[in-house]
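A.B. asks: Just one file: upload.cif, with mmCIF, C-alpha atoms.
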data_entry
loop_
_atom_site.label_atom_id
_atom_site.label_comp_id
_atom_site.auth_asym_id
_atom_site.auth_seq_id
_atom_site.Cartn_x
_atom_site.Cartn_y
_atom_site.Cartn_z
CA GLY A 17 52.47 -11.40 165.90
CA SER A 18 55.41 -13.26 164.42
CA CYS A 19 56.53 -16.44 166.12
CA PHE A 20 60.17 -15.49 165.48
CA GLU A 21 60.27 -12.34 167.58
CA PRO A 22 58.83 -11.26 170.92
CA HIS A 23 55.20 -10.23 170.96
CA PRO A 24 54.63 -6.86 172.67
CA TYR A 25 51.76 -8.36 174.69
CA PHE A 26 54.24 -10.68 176.39
CA ARG A 27 56.66 -7.95 177.48
CA PRO A 28 55.20 -7.04 180.87
CA ASP A 29 55.89 -3.63 182.36
CA PRO A 30 58.34 -3.94 185.29
CA ALA A 31 56.61 -1.06 187.07
CA THR A 32 53.31 -2.93 187.33
CA THR A 33 54.37 -6.58 187.22
CA GLU A 34 55.00 -8.84 190.19
CA ILE A 35 57.10 -11.85 189.29
CA SER A 36 56.24 -15.19 190.90
CA LEU A 37 58.75 -18.00 191.23
CA PRO A 38 59.83 -20.29 189.82
CA ILE A 39 60.90 -18.91 186.47
CA ILE A 40 60.78 -21.60 183.78
CA ASN A 41 62.25 -21.03 180.34
CA LEU A 42 60.04 -22.66 177.72
CA GLY A 43 62.17 -21.75 174.73
CA PHE A 44 64.90 -23.55 172.82
CA PRO A 45 68.52 -24.47 173.42
CA LYS A 46 71.15 -22.25 171.78
CA ALA A 47 68.94 -19.22 172.35
CA GLY A 48 70.58 -17.41 175.22
CA THR A 49 69.91 -19.97 177.95
CA THR A 50 73.45 -19.85 179.37
CA SER A 51 73.45 -16.05 179.35
CA PHE A 52 70.10 -16.02 181.15
CA GLN A 53 71.44 -18.43 183.77
CA ASN A 54 74.51 -16.27 184.32
CA PHE A 55 72.40 -13.13 184.52
CA LEU A 56 70.28 -14.53 187.35
CA ARG A 57 73.11 -16.32 189.12
CA CYS A 58 75.70 -13.54 189.07
CA GLY A 59 73.54 -10.59 190.09
CA LYS A 60 72.31 -9.54 193.49
CA PRO A 61 70.66 -11.36 195.05
CA LYS A 62 72.32 -14.56 193.77
CA TRP A 63 69.54 -16.85 192.68
CA ASN A 64 69.48 -20.62 192.92
CA VAL A 65 69.43 -21.37 189.19
CA SER A 66 69.73 -24.49 187.06
CA HIS A 67 70.77 -24.75 183.45
CA GLN A 68 70.92 -28.17 181.78
CA PHE A 69 71.54 -30.08 184.98
CA CYS A 70 69.32 -30.44 188.03
CA ARG A 71 70.10 -32.06 191.35
CA TYR A 72 67.85 -34.80 192.57
CA LEU A 73 66.50 -34.29 196.04
CA PRO A 74 67.45 -37.32 198.23
CA LYS A 75 65.84 -40.66 197.63
CA ILE A 76 63.10 -39.61 195.27
CA PHE A 77 63.30 -42.40 192.72
CA ASP A 78 64.53 -45.92 193.39
CA ASN A 79 66.75 -45.90 190.32
CA HIS A 80 68.33 -42.55 191.17
CA GLN A 81 68.94 -42.75 194.90
CA GLN A 82 72.70 -42.57 194.45
CA LYS A 83 72.66 -39.81 191.85
CA LEU A 84 73.55 -36.23 192.64
CA GLY A 85 71.90 -35.01 189.49
CA ASP A 86 71.06 -35.46 185.85
CA TYR A 87 69.77 -33.50 182.90
CA CYS A 88 66.80 -31.43 184.05
CA GLY A 89 64.71 -32.78 181.19
CA ARG A 90 65.36 -36.37 182.19
CA CYS A 91 64.73 -35.64 185.88
CA LEU A 92 61.42 -33.91 185.19
CA THR A 93 60.32 -36.73 182.93
CA ASP A 94 61.30 -39.33 185.56
CA ALA A 95 59.29 -37.44 188.15
CA LEU A 96 56.32 -37.37 185.82
CA ARG A 97 56.47 -41.16 185.47
CA ASN A 98 56.85 -41.76 189.21
CA GLU A 99 54.00 -43.45 191.06
CA THR A 100 53.70 -40.68 193.63
CA PHE A 101 53.17 -38.18 190.82
CA ALA A 102 50.43 -40.37 189.41
CA ALA A 103 48.81 -40.19 192.83
CA GLY A 104 48.87 -36.40 192.58
CA ILE A 105 51.34 -35.77 195.39
CA ASP A 106 54.66 -35.38 193.61
CA ASP A 107 55.79 -32.01 192.25
CA PRO A 108 58.45 -32.65 189.58
CA LEU A 109 59.96 -29.17 189.93
CA TYR A 110 60.46 -29.71 193.64
CA ARG A 111 61.90 -33.17 193.12
CA CYS A 112 64.35 -31.82 190.56
CA GLY A 113 65.99 -29.24 192.78
CA ASN A 114 63.25 -26.72 193.56
CA TYR A 115 65.25 -23.99 191.82
CA ALA A 116 64.17 -20.38 191.67
CA ALA A 117 64.76 -20.55 187.92
CA PHE A 118 65.06 -23.38 185.39
CA THR A 119 66.81 -21.86 182.37
CA GLN A 120 67.03 -24.94 180.12
CA ILE A 121 64.80 -27.94 180.71
CA ASP A 122 65.12 -29.89 177.45
CA VAL A 123 67.73 -32.45 176.52
CA SER A 124 68.34 -34.34 173.29
CA PRO A 125 71.42 -36.49 173.93
CA GLY A 126 71.02 -38.42 170.69
CA SER A 127 69.86 -41.89 169.62
CA GLY A 128 66.28 -40.64 169.58
CA GLU A 129 66.28 -40.02 173.33
CA CYS A 130 64.62 -36.68 174.00
CA PHE A 131 63.09 -34.96 176.98
CA TRP A 132 61.31 -31.69 176.24
CA PRO A 133 59.13 -30.74 179.23
CA GLN A 134 58.38 -27.37 177.64
CA VAL A 135 56.41 -29.32 175.01
CA ASP A 136 55.00 -32.17 177.08
CA MET A 137 54.57 -30.84 180.63
CA LEU A 138 52.81 -27.46 180.47
CA ASP A 139 49.73 -28.86 182.21
CA THR A 140 51.96 -30.37 184.90
CA PHE A 141 53.71 -27.08 185.54
CA HIS A 142 50.35 -25.38 185.88
CA LYS A 143 49.02 -28.05 188.23
CA PHE A 144 51.84 -27.71 190.74
CA ARG A 145 53.03 -24.14 190.11
CA PRO A 146 49.96 -22.24 188.91
CA ASN A 147 51.68 -18.86 189.29
CA ALA A 148 55.04 -19.73 187.75
CA THR A 149 56.61 -17.17 185.44
CA PHE A 150 57.45 -18.45 181.97
CA THR A 151 60.13 -17.01 179.73
CA PHE A 152 60.83 -17.52 176.04
CA SER A 153 64.06 -16.21 174.55
CA HIS A 154 63.98 -15.68 170.81
CA ARG A 155 66.91 -15.59 168.44
CA PRO A 156 66.84 -14.71 164.72
CA PHE A 157 65.98 -18.01 163.08
CA ASP A 158 68.92 -18.10 160.66
CA LYS A 159 71.40 -17.56 163.50
CA TRP A 160 69.62 -20.08 165.71
CA TYR A 161 69.56 -22.74 163.00
CA THR A 162 73.24 -22.23 162.21
CA SER A 163 74.14 -22.50 165.89
CA MET A 164 72.08 -25.68 166.25
CA SER A 165 73.72 -27.17 163.16
CA ASN A 166 77.23 -26.41 164.39
CA TRP A 167 76.68 -27.75 167.91
CA HIS A 168 77.21 -31.51 167.54
CA GLN A 169 74.58 -31.70 164.80
CA TYR A 170 71.93 -30.78 167.35
CA HIS A 171 69.37 -30.04 164.65
CA MET A 172 69.56 -33.68 163.61
CA ARG A 173 69.03 -34.84 167.18
CA ILE A 174 65.79 -32.90 167.30
CA ALA A 175 64.82 -34.55 164.05
CA ASN A 176 64.76 -37.88 165.89
CA CYS A 177 62.84 -36.63 168.93
CA GLN A 178 59.65 -38.48 169.75
CA LEU A 179 57.59 -36.17 171.95
CA GLY A 180 54.01 -36.18 173.17
CA GLU A 181 52.60 -34.32 170.19
CA TYR A 182 55.14 -35.86 167.81
CA PRO A 183 54.96 -39.58 168.62
CA THR A 184 56.74 -40.69 165.44
CA GLY A 185 59.36 -37.93 165.52
CA VAL A 186 59.35 -34.18 165.29
CA LEU A 187 60.29 -34.16 161.63
CA ASP A 188 58.77 -37.43 160.55
CA GLN A 189 56.30 -35.83 158.17
CA ALA A 190 58.87 -33.54 156.62
CA PHE A 191 61.87 -35.70 155.98
CA ASN A 192 63.85 -38.80 156.87
CA PRO A 193 66.35 -37.60 159.50
CA ARG A 194 68.91 -40.13 158.32
CA ARG A 195 69.13 -38.55 154.89
CA TYR A 196 71.57 -35.76 155.64
CA GLN A 197 71.61 -34.55 152.05
CA ASN A 198 68.04 -33.35 152.49
CA LEU A 199 68.99 -30.44 154.72
CA PRO A 200 66.71 -27.76 153.18
CA ARG A 201 63.71 -29.75 154.35
CA VAL A 202 65.27 -30.14 157.78
CA ARG A 203 65.48 -26.37 157.99
CA LEU A 204 61.86 -25.96 156.95
CA ALA A 205 60.64 -28.55 159.43
CA LEU A 206 62.64 -27.03 162.30
CA LYS A 207 61.17 -23.66 161.45
CA GLN A 208 57.71 -25.17 161.73
CA PHE A 209 58.56 -26.88 165.03
CA TYR A 210 59.92 -23.61 166.43
CA CYS A 211 56.79 -21.72 165.43
CA GLU A 212 54.49 -24.40 166.85
CA GLN A 213 56.25 -24.19 170.21
CA VAL A 214 55.92 -20.40 170.36
CA GLU A 215 52.23 -20.62 169.52
CA ARG A 216 51.73 -23.47 172.01
CA VAL A 217 53.22 -21.44 174.85
CA ARG A 218 51.36 -18.24 173.99
CA LYS A 219 48.05 -20.06 173.74
CA PHE A 220 48.64 -21.85 177.05
CA VAL A 221 49.37 -18.61 178.91
CA LEU A 222 46.32 -16.91 177.44
CA GLN A 223 44.23 -19.86 178.62
CA HIS A 224 45.91 -19.84 182.06
CA PRO A 225 46.32 -16.15 182.95
CA SER A 226 47.71 -16.90 186.42
CA HIS A 227 51.04 -17.29 184.61
CA LYS A 228 53.09 -14.48 183.15
CA LEU A 229 55.04 -14.96 179.94
CA VAL A 230 58.14 -12.86 179.30
CA GLU A 231 59.42 -12.94 175.73
CA ILE A 232 62.84 -11.52 174.96
CA MET A 233 65.13 -11.29 171.95
CA VAL A 234 68.74 -12.40 172.23
CA GLY A 235 70.95 -9.48 171.27
CA ASP A 236 68.49 -6.76 172.24
CA PRO A 237 70.77 -4.01 173.62
CA ASP A 238 68.17 -3.03 176.22
CA ILE A 239 67.43 -6.53 177.47
CA GLY A 240 69.80 -6.38 180.45
CA ASP A 241 68.21 -3.26 181.90
CA TYR A 242 64.72 -4.59 181.21
CA LEU A 243 65.33 -7.92 182.95
CA SER A 244 67.07 -6.22 185.85
CA ASP A 245 64.02 -4.07 186.43
CA LEU A 246 61.56 -6.92 185.89
CA PHE A 247 63.26 -9.52 188.09
CA GLY A 248 64.81 -7.14 190.60
CA VAL A 249 68.35 -8.31 189.82
CA ASP A 250 71.15 -5.82 190.44
CA GLN A 251 73.93 -6.33 187.89
CA SER A 252 76.23 -3.63 189.26
#
Turn the structure described in the file into structure tokens.

C.D. replies:
Amino acid sequence: GSCFEPHPYFRPDPATTEISLPIINLGFPKAGTTSFQNFLRCGKPKWNVSHQFCRYLPKIFDNHQQKLGDYCGRCLTDALRNETFAAGIDDPLYRCGNYAAFTQIDVSPGSGECFWPQVDMLDTFHKFRPNATFTFSHRPFDKWYTSMSNWHQYHMRIANCQLGEYPTGVLDQAFNPRRYQNLPRVRLALKQFYCEQVERVRKFVLQHPSHKLVEIMVGDPDIGDYLSDLFGVDQS
């Protein structure tokens, strides 16, 4: 199936599907993450949900003892680097708030600083939460790219991201991110990055069937009813 729209295989039937917590969104920013957060938080029951920011549980990291919270992506990455995690006893999702749902876990604040656990931490999520439910919200690529471009040049921030599978930068092979006049190649490279993430997540779930993957399309008129039935959230 296309990597730019939900695959029917990853649209589980609410009548026969049991959802396990936590729910972790492995998709992209500017693709319905705030709406998904509001959907889970404002229904009945009211879920404990994070969006970009996660609270640190008390005294988990020496350098964050006084912090109430931070970007979820930075918190998860800090937990991954912590010595107790290396010893196999530290669950990053617990340390970063133990939410029922994490609706946006990446952050790209600029200057090349990027934290994208949905790219780098799939094995970690499986290790500590082998039954977690994953979601991926799609948005028509042209609309997504335009939204990314208009939001503080976010597409250029991703261009500078150095992630596990992209050690020299997500777009390093496609273009020099400092050459803003080369935007058509930025678009092409972001399209490739988007597709690679979709395929990465689908492959991971097929290899680890204890997880469920729920793919949705932003703007689908039936998505509210579908998610209400699937997650047992009453929106009335």

A.B. asks: Write out as a short mmCIF file (atom, residue, chain, number, x, y, z; two decimals) with C-alpha atoms, keeping the file's coordinate frame each polymer residue whose atoms come within 12 Å of Ser51 of chain A, counting only C-alpha atoms; drop sequence neighbours fewer than 3 positions from it.

C.D. replies:
data_model
loop_
_atom_site.label_atom_id
_atom_site.label_comp_id
_atom_site.auth_asym_id
_atom_site.auth_seq_id
_atom_site.Cartn_x
_atom_site.Cartn_y
_atom_site.Cartn_z
CA PRO A 45 68.52 -24.47 173.42
CA LYS A 46 71.15 -22.25 171.78
CA ALA A 47 68.94 -19.22 172.35
CA GLY A 48 70.58 -17.41 175.22
CA ASN A 54 74.51 -16.27 184.32
CA PHE A 55 72.40 -13.13 184.52
CA LEU A 56 70.28 -14.53 187.35
CA ARG A 57 73.11 -16.32 189.12
CA CYS A 58 75.70 -13.54 189.07
CA VAL A 65 69.43 -21.37 189.19
CA HIS A 67 70.77 -24.75 183.45
CA THR A 119 66.81 -21.86 182.37
CA GLN A 120 67.03 -24.94 180.12
CA SER A 153 64.06 -16.21 174.55
CA VAL A 234 68.74 -12.40 172.23
CA GLY A 235 70.95 -9.48 171.27
CA ILE A 239 67.43 -6.53 177.47
CA GLY A 240 69.80 -6.38 180.45
#

A.B. asks: Rounded to one decimal place, report the atom CA of Phe141 of chain A-atom CA of Arg155 of chain A distance in Å.

C.D. replies: 24.5 Å

A.B. asks: Which polymer residues have any atom within 8 Å of an atom of His227 of chain A, counting all atoms listed in the file, with same-chain residues fewer than 2 positions away left out, as number ranges by chain?

C.D. replies: A: 146-150, 221, 224-225, 229

A.B. asks: Residues picked by the PyMOL selection byres ((chain A and resi 40) around 7) here, as number ranges by chain?

C.D. replies: A: 38-39, 41-42, 117-119, 149-151

A.B. asks: Pick the closest to Ser244 of chain A from A:Gly59, A:Pro28, A:Gly85, A:Pro156: which is it, counting only C-alpha atoms?

C.D. replies: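 Using only C-alpha atoms, the shortest distance to Ser244 of chain A belongs to A:Gly59.
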
A.B. asks: On this structure, the PyMOL selection byres ((chain A and resi 21) around 12) would catch which residues? List them as an MDAnalysis selection string, sorted by chain and number.

C.D. replies: chainID A and resid 17:20 22:27 43 152:157 210:211 214:215 230:236

A.B. asks: What separation in Å, quoted to one decimal, exists between atom CA of Cys112 of chain A and atom CA of Leu92 of chain A?

C.D. replies: 6.5 Å
